[in-house]
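Have a look at final.pdb below; it lists PDB, C-alpha atoms and all ligand atoms.
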```pdb
ATOM      1  CA  MET W   1       0.000   0.000   0.000
ATOM      2  CA  SER W   2       1.340   3.443  -0.778
ATOM      3  CA  SER W   3       0.543   6.565   1.252
ATOM      4  CA  PRO W   4      -1.495   9.367  -0.349
ATOM      5  CA  GLY W   5       0.528  11.213  -2.969
ATOM      6  CA  VAL W   6       3.277   8.577  -3.058
ATOM      7  CA  PRO W   7       3.106   6.686  -6.358
ATOM      8  CA  ASP W   8       3.007   2.903  -6.123
ATOM      9  CA  LEU W   9       5.881   1.843  -8.378
ATOM     10  CA  THR W  10       5.124  -1.863  -8.005
ATOM     11  CA  THR W  11       2.129  -1.311 -10.323
ATOM     12  CA  LEU W  12       4.716  -0.817 -13.116
ATOM     13  CA  ARG W  13       5.991  -4.388 -12.551
ATOM     14  CA  PRO W  14       9.728  -3.874 -12.987
ATOM     15  CA  ARG W  15      11.703  -7.009 -13.809
ATOM     16  CA  LEU W  16      13.962  -7.089 -10.771
ATOM     17  CA  PRO W  17      16.488  -8.486 -10.176
ATOM     18  CA  SER W  18      17.287  -8.051 -13.858
ATOM     19  CA  PRO W  19      18.415 -11.197 -15.732
ATOM     20  CA  LEU W  20      22.078 -12.206 -15.849
ATOM     21  CA  GLN W  21      22.946 -13.855 -19.165
ATOM     22  CA  GLU W  22      26.126 -15.709 -20.076
ATOM     23  CA  VAL W  23      27.395 -15.152 -23.629
ATOM     24  CA  GLU W  24      29.874 -17.351 -25.460
ATOM     25  CA  ASP W  25      32.361 -14.961 -27.012
ATOM     26  CA  GLU W  26      35.642 -16.403 -28.203
ATOM     27  CA  ARG W  27      37.441 -13.104 -27.630
ATOM     28  CA  PHE W  28      36.951 -13.832 -23.898
ATOM     29  CA  THR W  29      36.842 -17.646 -23.797
ATOM     30  CA  ARG W  30      40.250 -17.947 -25.482
ATOM     31  CA  ARG W  31      41.651 -16.026 -22.513
ATOM     32  CA  GLY W  32      39.810 -18.274 -20.049
ATOM     33  CA  VAL W  33      37.433 -15.414 -19.118
ATOM     34  CA  ARG W  34      33.631 -15.711 -18.753
ATOM     35  CA  LEU W  35      31.508 -12.819 -20.033
ATOM     36  CA  LEU W  36      28.030 -12.239 -18.595
ATOM     37  CA  LEU W  37      25.555  -9.509 -19.529
ATOM     38  CA  LYS W  38      23.502  -7.919 -16.754
ATOM     39  CA  ARG W  39      20.319  -7.175 -18.669
ATOM     40  CA  ASP W  40      19.157  -3.962 -17.003
ATOM     41  CA  ASP W  41      17.741  -3.088 -20.431
ATOM     42  CA  LEU W  42      14.950  -5.577 -19.627
ATOM     43  CA  ILE W  43      13.836  -3.976 -16.324
ATOM     44  CA  HIS W  44      11.032  -1.916 -17.871
ATOM     45  CA  PRO W  45      10.153  -1.004 -21.479
ATOM     46  CA  ASP W  46       9.870   2.750 -20.722
ATOM     47  CA  LEU W  47      12.186   3.155 -17.737
ATOM     48  CA  VAL W  48      15.042   1.247 -19.257
ATOM     49  CA  GLY W  49      18.157   0.140 -17.419
ATOM     50  CA  ASN W  50      19.737   2.573 -15.039
ATOM     51  CA  LYS W  51      16.771   4.947 -15.553
ATOM     52  CA  TRP W  52      14.586   2.733 -13.393
ATOM     53  CA  ARG W  53      17.213   2.388 -10.694
ATOM     54  CA  LYS W  54      17.873   6.138 -10.592
ATOM     55  CA  LEU W  55      14.364   7.501 -11.024
ATOM     56  CA  ALA W  56      12.354   5.114  -8.853
ATOM     57  CA  PRO W  57      13.593   6.472  -5.488
ATOM     58  CA  ASN W  58      13.107  10.045  -6.711
ATOM     59  CA  LEU W  59       9.549   9.388  -7.879
ATOM     60  CA  THR W  60       8.745   8.059  -4.433
ATOM     61  CA  ALA W  61      10.439  11.009  -2.711
ATOM     62  CA  ALA W  62       8.549  13.502  -4.895
ATOM     63  CA  ALA W  63       5.348  12.246  -3.210
ATOM     64  CA  GLY W  64       3.081  13.383  -6.023
ATOM     65  CA  ARG W  65       4.685  16.800  -6.606
ATOM     66  CA  PRO W  66       5.470  17.740 -10.216
ATOM     67  CA  ILE W  67       8.903  16.465 -11.281
ATOM     68  CA  LEU W  68      11.206  18.976 -12.957
ATOM     69  CA  THR W  69      14.438  17.923 -14.579
ATOM     70  CA  PHE W  70      17.033  18.909 -17.181
ATOM     71  CA  GLY W  71      18.534  17.533 -20.352
ATOM     72  CA  GLY W  72      19.802  18.063 -23.862
ATOM     73  CA  ALA W  73      17.580  17.681 -26.916
ATOM     74  CA  TYR W  74      18.230  13.913 -27.134
ATOM     75  CA  SER W  75      18.355  13.119 -23.430
ATOM     76  CA  ASN W  76      17.398   9.542 -22.476
ATOM     77  CA  HIS W  77      16.842  10.823 -18.952
ATOM     78  CA  LEU W  78      14.256  13.408 -20.068
ATOM     79  CA  ARG W  79      12.412  10.723 -22.036
ATOM     80  CA  ALA W  80      12.392   8.301 -19.121
ATOM     81  CA  THR W  81      11.130  11.022 -16.739
ATOM     82  CA  ALA W  82       8.334  11.954 -19.148
ATOM     83  CA  ALA W  83       7.348   8.288 -19.490
ATOM     84  CA  ALA W  84       7.318   7.862 -15.703
ATOM     85  CA  GLY W  85       5.024  10.882 -15.470
ATOM     86  CA  ARG W  86       2.600   9.355 -17.961
ATOM     87  CA  LEU W  87       2.653   5.930 -16.290
ATOM     88  CA  LEU W  88       2.175   7.259 -12.763
ATOM     89  CA  GLY W  89      -0.035  10.253 -13.550
ATOM     90  CA  LEU W  90       2.560  12.780 -12.336
ATOM     91  CA  PRO W  91       3.099  16.191 -13.963
ATOM     92  CA  THR W  92       6.598  16.534 -15.446
ATOM     93  CA  ILE W  93       8.528  19.578 -16.634
ATOM     94  CA  GLY W  94      11.643  19.352 -18.804
ATOM     95  CA  LEU W  95      14.165  22.203 -18.984
ATOM     96  CA  VAL W  96      15.914  21.683 -22.291
ATOM     97  CA  ARG W  97      19.369  23.039 -23.167
ATOM     98  CA  GLY W  98      19.247  25.447 -26.126
ATOM     99  CA  GLU W  99      16.820  28.367 -26.395
ATOM    100  CA  GLU W 100      17.225  28.271 -30.182
ATOM    101  CA  LEU W 101      15.248  25.001 -30.223
ATOM    102  CA  SER W 102      12.087  26.723 -29.040
ATOM    103  CA  ASP W 103      11.051  27.912 -32.506
ATOM    104  CA  ARG W 104      12.000  24.682 -34.329
ATOM    105  CA  PRO W 105       9.880  21.556 -34.715
ATOM    106  CA  LEU W 106      10.488  19.105 -31.879
ATOM    107  CA  ASN W 107      12.929  16.299 -32.667
ATOM    108  CA  PRO W 108      11.544  12.744 -32.188
ATOM    109  CA  SER W 109      12.970  12.496 -28.674
ATOM    110  CA  LEU W 110      11.405  15.750 -27.458
ATOM    111  CA  ALA W 111       8.187  14.983 -29.365
ATOM    112  CA  ARG W 112       7.978  11.755 -27.333
ATOM    113  CA  CYS W 113       8.473  13.722 -24.092
ATOM    114  CA  SER W 114       5.746  16.125 -25.087
ATOM    115  CA  ALA W 115       3.373  13.298 -26.113
ATOM    116  CA  ASP W 116       3.943  11.795 -22.660
ATOM    117  CA  GLY W 117       2.707  15.047 -21.136
ATOM    118  CA  MET W 118       6.030  16.682 -20.262
ATOM    119  CA  ARG W 119       5.916  20.485 -20.316
ATOM    120  CA  LEU W 120       9.067  21.626 -22.143
ATOM    121  CA  HIS W 121      10.920  24.889 -21.460
ATOM    122  CA  PHE W 122      13.948  25.856 -23.499
ATOM    123  CA  VAL W 123      16.839  27.494 -21.679
ATOM    124  CA  ASP W 124      19.712  29.437 -23.220
ATOM    125  CA  ARG W 125      23.035  27.635 -22.960
ATOM    126  CA  SER W 126      24.739  30.085 -20.634
ATOM    127  CA  THR W 127      21.887  29.977 -18.068
ATOM    128  CA  TYR W 128      21.702  26.199 -18.512
ATOM    129  CA  ARG W 129      25.363  25.875 -17.510
ATOM    130  CA  ARG W 130      24.602  27.740 -14.263
ATOM    131  CA  LYS W 131      21.469  25.719 -13.418
ATOM    132  CA  THR W 132      22.860  24.273 -10.176
ATOM    133  CA  ASP W 133      23.519  27.737  -8.760
ATOM    134  CA  PRO W 134      20.628  28.252  -6.250
ATOM    135  CA  LYS W 135      19.639  31.744  -7.520
ATOM    136  CA  THR W 136      19.658  30.642 -11.162
ATOM    137  CA  LEU W 137      17.654  27.532 -10.293
ATOM    138  CA  ALA W 138      15.070  29.573  -8.373
ATOM    139  CA  ALA W 139      14.677  31.919 -11.373
ATOM    140  CA  LEU W 140      14.314  28.938 -13.728
ATOM    141  CA  LEU W 141      11.611  27.395 -11.525
ATOM    142  CA  ARG W 142       9.727  30.698 -11.403
ATOM    143  CA  ALA W 143       9.972  31.117 -15.188
ATOM    144  CA  ALA W 144       8.657  27.589 -15.687
ATOM    145  CA  GLY W 145       5.772  28.175 -13.232
ATOM    146  CA  ALA W 146       7.080  25.282 -11.161
ATOM    147  CA  THR W 147       8.198  26.644  -7.799
ATOM    148  CA  ASP W 148       6.542  23.651  -6.075
ATOM    149  CA  ALA W 149       8.381  21.082  -8.216
ATOM    150  CA  TYR W 150      10.640  18.268  -7.039
ATOM    151  CA  VAL W 151      13.926  18.886  -8.869
ATOM    152  CA  VAL W 152      15.971  15.999 -10.289
ATOM    153  CA  PRO W 153      19.401  17.011 -11.649
ATOM    154  CA  GLU W 154      20.561  16.519 -15.238
ATOM    155  CA  GLY W 155      21.290  12.821 -15.861
ATOM    156  CA  GLY W 156      19.246  11.980 -12.756
ATOM    157  CA  SER W 157      22.304  11.479 -10.530
ATOM    158  CA  ASN W 158      21.517  12.712  -7.031
ATOM    159  CA  ALA W 159      22.097  10.965  -3.699
ATOM    160  CA  LEU W 160      18.809   9.039  -3.898
ATOM    161  CA  ALA W 161      19.614   7.828  -7.414
ATOM    162  CA  VAL W 162      23.078   6.684  -6.355
ATOM    163  CA  ARG W 163      21.571   4.782  -3.418
ATOM    164  CA  GLY W 164      19.049   3.247  -5.842
ATOM    165  CA  CYS W 165      21.923   1.942  -7.979
ATOM    166  CA  ARG W 166      23.443   0.154  -4.996
ATOM    167  CA  ALA W 167      20.857  -2.617  -5.633
ATOM    168  CA  LEU W 168      22.563  -3.296  -8.971
ATOM    169  CA  GLY W 169      25.761  -4.167  -7.113
ATOM    170  CA  GLU W 170      23.884  -6.205  -4.514
ATOM    171  CA  GLU W 171      22.214  -8.262  -7.268
ATOM    172  CA  LEU W 172      25.691  -9.141  -8.565
ATOM    173  CA  SER W 173      27.228  -9.993  -5.229
ATOM    174  CA  GLY W 174      29.100 -13.311  -5.549
ATOM    175  CA  ARG W 175      28.367 -13.532  -9.287
ATOM    176  CA  ALA W 176      31.401 -11.753 -10.804
ATOM    177  CA  ASP W 177      34.985 -10.670 -10.230
ATOM    178  CA  VAL W 178      34.718  -7.492 -12.284
ATOM    179  CA  VAL W 179      31.536  -5.542 -13.080
ATOM    180  CA  ALA W 180      31.936  -3.064 -15.926
ATOM    181  CA  ILE W 181      29.616  -0.181 -16.760
ATOM    182  CA  ALA W 182      29.550   2.837 -19.089
ATOM    183  CA  CYS W 183      29.610   6.198 -17.297
ATOM    184  CA  GLY W 184      28.058   9.565 -18.107
ATOM    185  CA  THR W 185      27.686  11.386 -14.788
ATOM    186  CA  GLY W 186      29.097   8.363 -12.937
ATOM    187  CA  GLY W 187      26.060   8.090 -10.641
ATOM    188  CA  THR W 188      25.306   4.500 -11.614
ATOM    189  CA  LEU W 189      28.916   3.403 -11.014
ATOM    190  CA  ALA W 190      28.977   5.238  -7.666
ATOM    191  CA  GLY W 191      26.000   3.168  -6.461
ATOM    192  CA  LEU W 192      27.012  -0.089  -8.134
ATOM    193  CA  ALA W 193      30.453  -0.046  -6.469
ATOM    194  CA  ALA W 194      28.821   0.478  -3.070
ATOM    195  CA  GLY W 195      26.633  -2.609  -3.516
ATOM    196  CA  LEU W 196      29.354  -5.078  -4.540
ATOM    197  CA  SER W 197      31.081  -7.348  -2.021
ATOM    198  CA  PRO W 198      34.639  -6.519  -0.898
ATOM    199  CA  ASP W 199      36.248  -9.098  -3.230
ATOM    200  CA  GLN W 200      34.610  -7.631  -6.338
ATOM    201  CA  ARG W 201      35.609  -4.570  -8.306
ATOM    202  CA  ALA W 202      33.738  -2.153 -10.565
ATOM    203  CA  LEU W 203      35.222  -0.802 -13.764
ATOM    204  CA  GLY W 204      33.814   2.354 -15.345
ATOM    205  CA  VAL W 205      34.170   3.310 -19.006
ATOM    206  CA  PRO W 206      33.498   7.060 -19.386
ATOM    207  CA  VAL W 207      31.764   8.005 -22.656
ATOM    208  CA  LEU W 208      32.677  11.680 -22.269
ATOM    209  CA  ARG W 209      36.118  13.082 -22.577
ATOM    210  CA  GLY W 210      37.426  15.172 -19.732
ATOM    211  CA  GLY W 211      38.988  13.243 -16.870
ATOM    212  CA  PHE W 212      36.714  14.956 -14.309
ATOM    213  CA  LEU W 213      34.737  11.867 -13.456
ATOM    214  CA  THR W 214      36.868  10.446 -10.636
ATOM    215  CA  ALA W 215      36.242  13.566  -8.550
ATOM    216  CA  ASP W 216      32.538  13.596  -9.478
ATOM    217  CA  ILE W 217      32.070   9.952  -8.451
ATOM    218  CA  ARG W 218      33.849  10.555  -5.144
ATOM    219  CA  ALA W 219      31.543  13.523  -4.513
ATOM    220  CA  LEU W 220      28.435  11.479  -5.403
ATOM    221  CA  GLN W 221      29.491   8.684  -3.023
ATOM    222  CA  HIS W 222      30.103  11.265  -0.323
ATOM    223  CA  GLN W 223      26.597  12.728  -0.793
ATOM    224  CA  ALA W 224      24.940   9.304  -0.941
ATOM    225  CA  PHE W 225      26.877   7.329   1.664
ATOM    226  CA  GLY W 226      28.968   9.852   3.601
ATOM    227  CA  GLY W 227      32.293   8.665   2.157
ATOM    228  CA  PRO W 228      34.036   6.396  -0.357
ATOM    229  CA  ARG W 229      32.547   2.952  -1.019
ATOM    230  CA  GLY W 230      33.737  -0.136  -2.873
ATOM    231  CA  ASP W 231      36.671  -0.840  -5.146
ATOM    232  CA  TRP W 232      36.268   1.000  -8.446
ATOM    233  CA  GLN W 233      38.378   2.486 -11.173
ATOM    234  CA  LEU W 234      37.915   4.108 -14.578
ATOM    235  CA  ASP W 235      39.464   3.350 -17.953
ATOM    236  CA  ASP W 236      39.417   6.582 -19.915
ATOM    237  CA  ARG W 237      40.503   5.215 -23.298
ATOM    238  CA  PHE W 238      37.163   4.375 -24.914
ATOM    239  CA  HIS W 239      35.170   7.640 -25.279
ATOM    240  CA  PHE W 240      35.950   7.887 -29.017
ATOM    241  CA  GLY W 241      36.664  11.592 -28.784
ATOM    242  CA  ARG W 242      33.532  12.887 -27.110
ATOM    243  CA  TYR W 243      29.967  12.156 -26.056
ATOM    244  CA  ALA W 244      27.797  10.697 -28.836
ATOM    245  CA  ARG W 245      30.735  10.485 -31.218
ATOM    246  CA  THR W 246      30.965   7.229 -33.067
ATOM    247  CA  THR W 247      33.319   5.906 -35.754
ATOM    248  CA  PRO W 248      32.872   3.348 -38.533
ATOM    249  CA  GLU W 249      34.980   0.973 -36.433
ATOM    250  CA  LEU W 250      32.709   1.325 -33.393
ATOM    251  CA  GLU W 251      29.601   0.976 -35.562
ATOM    252  CA  ALA W 252      30.985  -2.210 -37.152
ATOM    253  CA  PHE W 253      31.905  -3.537 -33.704
ATOM    254  CA  ALA W 254      28.369  -2.922 -32.366
ATOM    255  CA  GLU W 255      26.714  -4.537 -35.402
ATOM    256  CA  ASP W 256      28.990  -7.551 -35.099
ATOM    257  CA  PHE W 257      28.215  -7.908 -31.370
ATOM    258  CA  GLU W 258      24.482  -7.768 -32.139
ATOM    259  CA  GLU W 259      24.859 -10.514 -34.746
ATOM    260  CA  ARG W 260      26.992 -12.724 -32.524
ATOM    261  CA  HIS W 261      24.768 -12.522 -29.469
ATOM    262  CA  GLY W 262      21.306 -11.341 -30.564
ATOM    263  CA  VAL W 263      21.369  -8.403 -28.130
ATOM    264  CA  LEU W 264      20.658  -4.839 -29.284
ATOM    265  CA  VAL W 265      23.665  -2.658 -28.524
ATOM    266  CA  GLU W 266      22.836   0.921 -27.510
ATOM    267  CA  ARG W 267      25.366   3.088 -29.306
ATOM    268  CA  LEU W 268      26.085   6.066 -27.009
ATOM    269  CA  TYR W 269      27.085   4.089 -23.925
ATOM    270  CA  VAL W 270      26.885   0.301 -24.224
ATOM    271  CA  ALA W 271      28.829   0.030 -27.512
ATOM    272  CA  LYS W 272      31.782   1.918 -25.996
ATOM    273  CA  LEU W 273      31.670  -0.266 -22.871
ATOM    274  CA  LEU W 274      31.695  -3.529 -24.845
ATOM    275  CA  TYR W 275      34.421  -2.258 -27.166
ATOM    276  CA  GLY W 276      36.500  -1.383 -24.103
ATOM    277  CA  LEU W 277      35.977  -4.830 -22.576
ATOM    278  CA  VAL W 278      36.975  -6.663 -25.755
ATOM    279  CA  THR W 279      40.133  -4.516 -25.921
ATOM    280  CA  LEU W 280      40.943  -5.209 -22.269
ATOM    281  CA  ALA W 281      40.415  -8.967 -22.750
ATOM    282  CA  ASP W 282      42.759  -8.829 -25.723
ATOM    283  CA  GLU W 283      45.349  -7.008 -23.615
ATOM    284  CA  GLY W 284      45.154  -9.817 -21.044
ATOM    285  CA  ALA W 285      43.800  -7.430 -18.405
ATOM    286  CA  PHE W 286      41.571 -10.124 -16.858
ATOM    287  CA  PRO W 287      43.190 -13.154 -15.228
ATOM    288  CA  ARG W 288      42.344 -16.640 -16.501
ATOM    289  CA  GLY W 289      39.290 -17.937 -14.628
ATOM    290  CA  ALA W 290      37.834 -14.441 -14.105
ATOM    291  CA  THR W 291      34.141 -13.686 -14.576
ATOM    292  CA  VAL W 292      33.402 -10.287 -16.087
ATOM    293  CA  VAL W 293      29.915  -8.767 -16.093
ATOM    294  CA  ALA W 294      29.001  -6.007 -18.560
ATOM    295  CA  VAL W 295      25.947  -4.014 -17.462
ATOM    296  CA  VAL W 296      23.562  -3.360 -20.361
ATOM    297  CA  THR W 297      22.238   0.015 -19.221
ATOM    298  CA  GLY W 298      20.094   0.883 -22.235
ATOM    299  CA  THR W 299      18.623  -0.344 -25.512
ATOM    300  CA  SER W 300      19.422   0.636 -29.043
ATOM    301  CA  GLN W 301      16.038   2.336 -29.680
ATOM    302  CA  GLU W 302      17.035   4.863 -27.034
ATOM    303  CA  ALA W 303      19.973   6.263 -28.928
TER
HETATM  304  C1  LIG X   1      22.156   3.896 -21.665
HETATM  305  C2  LIG X   1      22.919   4.592 -20.602
HETATM  306  N1  LIG X   1      23.956   3.957 -20.029
HETATM  307  C3  LIG X   1      24.716   4.541 -19.077
HETATM  308  C4  LIG X   1      24.435   5.825 -18.645
HETATM  309  C5  LIG X   1      25.369   6.443 -17.634
HETATM  310  O1  LIG X   1      24.784   6.678 -16.413
HETATM  311  P1  LIG X   1      25.455   7.681 -15.371
HETATM  312  O2  LIG X   1      25.099   9.067 -15.807
HETATM  313  O3  LIG X   1      24.825   7.305 -14.076
HETATM  314  O4  LIG X   1      26.920   7.463 -15.400
HETATM  315  C6  LIG X   1      23.375   6.531 -19.202
HETATM  316  C7  LIG X   1      23.111   7.889 -18.723
HETATM  317  O5  LIG X   1      22.141   8.491 -18.803
HETATM  318  C8  LIG X   1      22.581   5.902 -20.219
HETATM  319  O6  LIG X   1      21.561   6.544 -20.824
END
```
Show me the file's structure as structure tokens.
Amino acid sequence: MSSPGVPDLTTLRPRLPSPLQEVEDERFTRRGVRLLLKRDDLIHPDLVGNKWRKLAPNLTAAAGRPILTFGGAYSNHLRATAAAGRLLGLPTIGLVRGEELSDRPLNPSLARCSADGMRLHFVDRSTYRRKTDPKTLAALLRAAGATDAYVVPEGGSNALAVRGCRALGEELSGRADVVAIACGTGGTLAGLAAGLSPDQRALGVPVLRGGFLTADIRALQHQAFGGPRGDWQLDDRFHFGRYARTTPELEAFAEDFEERHGVLVERLYVAKLLYGLVTLADEGAFPRGATVVAVVTGTSQEA
């Protein structure tokens, strides 16, 4: 039973724990390494992968208030928030980066948000960059007519979201030596690492260039748990230049992986993660007998 105003997320029937699937891939087996896929992409058709784990605790905490959040014009997080609003009957407001978009037709991603009932407000890029500054945020909420809203940060990574992702680690306790995941804000990795047992380690593959993520993940763990948690590290070699950048080589790799294993490979995050893991296996980075889990955090329709 949920209290008044608190949405009952069990009505959405998430598939939890998400399935863990072994794949036979000779690039790993020839090194004596097992590869398993943690199919978070199967948790829920609209709140896919880490979106469920990050949003669910925030939807509960919002207790029926309108949810306001931020994102770029193709943000998976905006789409998932809009879908959650439709499914749970909650008002949602999306603050979208780029004022110039306001007089253009909506792209398919934003059209989907709007069809799901999300109220969209376009914000100029310089204000958008300052959106975490309290005065700027207050002005943005006033301008959007949403001073009563529950605010979820860009990418959805706040302390509640990070704590929600701890369950991902707990589900994998005793099932793997290394758990690898693609990182944007690093919130999912911050929670995952906290949920693993002491003999397991998490490996993050950042999809953005910059080298700022170690500090961000430390800060997120501090906010969520009061200090560092788990054994984690990042491998910064697989961002392919910048966020959303792909190359013919990466595209061919993703298509080949889909053919080999019959799993759709989301291109912005999951393709870079899997490419990184195949490279690491080839480099002999995993000891013989190791079990490596790759977390499938999204689906290819999302990209
Ligand atoms: C498919 C997918 N995988 C991974 C991530 C990375 O999550 P995080 O921002 O928590 O690092 C995202 C981020 O939104 C995503 O959409």
Can you find the residues with an atom no farther than 12 Å from (0.6, 3.6, -6.6), counting all atoms listed in the file, and report them as a short mmCIF file (atom, residue, chain, number, x, y, z; two decimals) with C-alpha atoms, in the coordinates of the input?
```cif
data_model
loop_
_atom_site.label_atom_id
_atom_site.label_comp_id
_atom_site.auth_asym_id
_atom_site.auth_seq_id
_atom_site.Cartn_x
_atom_site.Cartn_y
_atom_site.Cartn_z
CA MET W 1 0.00 0.00 0.00
CA SER W 2 1.34 3.44 -0.78
CA SER W 3 0.54 6.56 1.25
CA PRO W 4 -1.50 9.37 -0.35
CA GLY W 5 0.53 11.21 -2.97
CA VAL W 6 3.28 8.58 -3.06
CA PRO W 7 3.11 6.69 -6.36
CA ASP W 8 3.01 2.90 -6.12
CA LEU W 9 5.88 1.84 -8.38
CA THR W 10 5.12 -1.86 -8.01
CA THR W 11 2.13 -1.31 -10.32
CA LEU W 12 4.72 -0.82 -13.12
CA ARG W 13 5.99 -4.39 -12.55
CA LEU W 59 9.55 9.39 -7.88
CA THR W 60 8.74 8.06 -4.43
CA ALA W 63 5.35 12.25 -3.21
CA GLY W 64 3.08 13.38 -6.02
CA LEU W 87 2.65 5.93 -16.29
CA LEU W 88 2.17 7.26 -12.76
CA GLY W 89 -0.04 10.25 -13.55
CA LEU W 90 2.56 12.78 -12.34
#
```
- Quote the spacing between atom CA of W:Gly72 and atom CA of W:Asp256 in Å to one decimal place.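 Computed distance, atom CA of W:Gly72 to atom CA of W:Asp256, equals 29.4 Å.
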Write out as a PDB file with C-alpha atoms, keeping the file's coordinate frame each polymer residue whose atoms come within 8 Å of stretch 35-39 of chain W, counting only C-alpha atoms; drop sequence neighbours fewer than 5 positions from it.
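What ended up in out_18.pdb:
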```
ATOM      1  CA  SER W  18      17.287  -8.051 -13.858  1.00  0.00           C
ATOM      2  CA  PRO W  19      18.415 -11.197 -15.732  1.00  0.00           C
ATOM      3  CA  LEU W  20      22.078 -12.206 -15.849  1.00  0.00           C
ATOM      4  CA  GLN W  21      22.946 -13.855 -19.165  1.00  0.00           C
ATOM      5  CA  GLU W  22      26.126 -15.709 -20.076  1.00  0.00           C
ATOM      6  CA  VAL W  23      27.395 -15.152 -23.629  1.00  0.00           C
ATOM      7  CA  GLU W  24      29.874 -17.351 -25.460  1.00  0.00           C
ATOM      8  CA  ASP W  25      32.361 -14.961 -27.012  1.00  0.00           C
ATOM      9  CA  PHE W  28      36.951 -13.832 -23.898  1.00  0.00           C
ATOM     10  CA  GLY W  49      18.157   0.140 -17.419  1.00  0.00           C
ATOM     11  CA  THR W 291      34.141 -13.686 -14.576  1.00  0.00           C
ATOM     12  CA  VAL W 292      33.402 -10.287 -16.087  1.00  0.00           C
ATOM     13  CA  VAL W 293      29.915  -8.767 -16.093  1.00  0.00           C
ATOM     14  CA  ALA W 294      29.001  -6.007 -18.560  1.00  0.00           C
ATOM     15  CA  VAL W 295      25.947  -4.014 -17.462  1.00  0.00           C
ATOM     16  CA  VAL W 296      23.562  -3.360 -20.361  1.00  0.00           C
ATOM     17  CA  THR W 297      22.238   0.015 -19.221  1.00  0.00           C
TER      18      THR W 297
END
```
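The set of residues that the PyMOL selection byres (((not hetatm)) within 7 of (chain X and resi 1)) takes from this file is Gly49, Asn50, Asn76, His77, Gly155, Ser157, Ala182, Cys183, Gly184, Thr185, Gly186, Gly187, Thr188, Leu189, Glu266, Leu268, Tyr269, Val270, Thr297, Gly298 and Thr299 of chain W.
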Starting from the shown file, work through the PyMOL selection byres (((chain W and resi 239) around 7) and not hetatm) and note down what comes out as a compact mmCIF listing (two decimals) with C-alpha atoms, keeping the file's coordinate frame.
```txt
# COMPACT_ATOMS: atom_id res chain seq x y z
CA PRO W 206 33.50 7.06 -19.39
CA VAL W 207 31.76 8.01 -22.66
CA LEU W 208 32.68 11.68 -22.27
CA ARG W 209 36.12 13.08 -22.58
CA ASP W 236 39.42 6.58 -19.92
CA ARG W 237 40.50 5.22 -23.30
CA PHE W 238 37.16 4.38 -24.91
CA PHE W 240 35.95 7.89 -29.02
CA GLY W 241 36.66 11.59 -28.78
CA ARG W 242 33.53 12.89 -27.11
CA TYR W 243 29.97 12.16 -26.06
CA LYS W 272 31.78 1.92 -26.00
```
- Give me the residues within 8 Å of W:Arg15 as a ChimeraX atom specification, counting only C-alpha atoms and dropping any in the same chain fewer than 3 places off. /W:18,42-44
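Atom CA of W:Gly94 lies 7.3 Å from atom CA of W:Gly71.
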- For W:Ala219, which of W:Ser300, W:Gly204, W:Asn158, W:Asp231 is the closest residue, counting only C-alpha atoms? W:Asn158
Apply the PyMOL selection byres (((chain W and resi 165) around 12) and not hetatm) to the displayed file and report the matching residues as an mmCIF file with C-alpha atoms, keeping the file's coordinate frame.
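What ended up in expr_23.cif:
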```
data_model
loop_
_atom_site.group_PDB
_atom_site.id
_atom_site.type_symbol
_atom_site.label_atom_id
_atom_site.label_comp_id
_atom_site.auth_asym_id
_atom_site.auth_seq_id
_atom_site.Cartn_x
_atom_site.Cartn_y
_atom_site.Cartn_z
ATOM 1 C CA PRO W 17 16.488 -8.486 -10.176
ATOM 2 C CA ASP W 40 19.157 -3.962 -17.003
ATOM 3 C CA GLY W 49 18.157 0.140 -17.419
ATOM 4 C CA ASN W 50 19.737 2.573 -15.039
ATOM 5 C CA LYS W 51 16.771 4.947 -15.553
ATOM 6 C CA TRP W 52 14.586 2.733 -13.393
ATOM 7 C CA ARG W 53 17.213 2.388 -10.694
ATOM 8 C CA LYS W 54 17.873 6.138 -10.592
ATOM 9 C CA LEU W 55 14.364 7.501 -11.024
ATOM 10 C CA ALA W 56 12.354 5.114 -8.853
ATOM 11 C CA PRO W 57 13.593 6.472 -5.488
ATOM 12 C CA GLY W 156 19.246 11.980 -12.756
ATOM 13 C CA SER W 157 22.304 11.479 -10.530
ATOM 14 C CA ASN W 158 21.517 12.712 -7.031
ATOM 15 C CA ALA W 159 22.097 10.965 -3.699
ATOM 16 C CA LEU W 160 18.809 9.039 -3.898
ATOM 17 C CA ALA W 161 19.614 7.828 -7.414
ATOM 18 C CA VAL W 162 23.078 6.684 -6.355
ATOM 19 C CA ARG W 163 21.571 4.782 -3.418
ATOM 20 C CA GLY W 164 19.049 3.247 -5.842
ATOM 21 C CA ARG W 166 23.443 0.154 -4.996
ATOM 22 C CA ALA W 167 20.857 -2.617 -5.633
ATOM 23 C CA LEU W 168 22.563 -3.296 -8.971
ATOM 24 C CA GLY W 169 25.761 -4.167 -7.113
ATOM 25 C CA GLU W 170 23.884 -6.205 -4.514
ATOM 26 C CA GLU W 171 22.214 -8.262 -7.268
ATOM 27 C CA LEU W 172 25.691 -9.141 -8.565
ATOM 28 C CA ILE W 181 29.616 -0.181 -16.760
ATOM 29 C CA GLY W 186 29.097 8.363 -12.937
ATOM 30 C CA GLY W 187 26.060 8.090 -10.641
ATOM 31 C CA THR W 188 25.306 4.500 -11.614
ATOM 32 C CA LEU W 189 28.916 3.403 -11.014
ATOM 33 C CA ALA W 190 28.977 5.238 -7.666
ATOM 34 C CA GLY W 191 26.000 3.168 -6.461
ATOM 35 C CA LEU W 192 27.012 -0.089 -8.134
ATOM 36 C CA ALA W 193 30.453 -0.046 -6.469
ATOM 37 C CA ALA W 194 28.821 0.478 -3.070
ATOM 38 C CA GLY W 195 26.633 -2.609 -3.516
ATOM 39 C CA LEU W 196 29.354 -5.078 -4.540
ATOM 40 C CA LEU W 220 28.435 11.479 -5.403
ATOM 41 C CA GLN W 221 29.491 8.684 -3.023
ATOM 42 C CA ALA W 224 24.940 9.304 -0.941
ATOM 43 C CA VAL W 295 25.947 -4.014 -17.462
ATOM 44 C CA THR W 297 22.238 0.015 -19.221
#
```
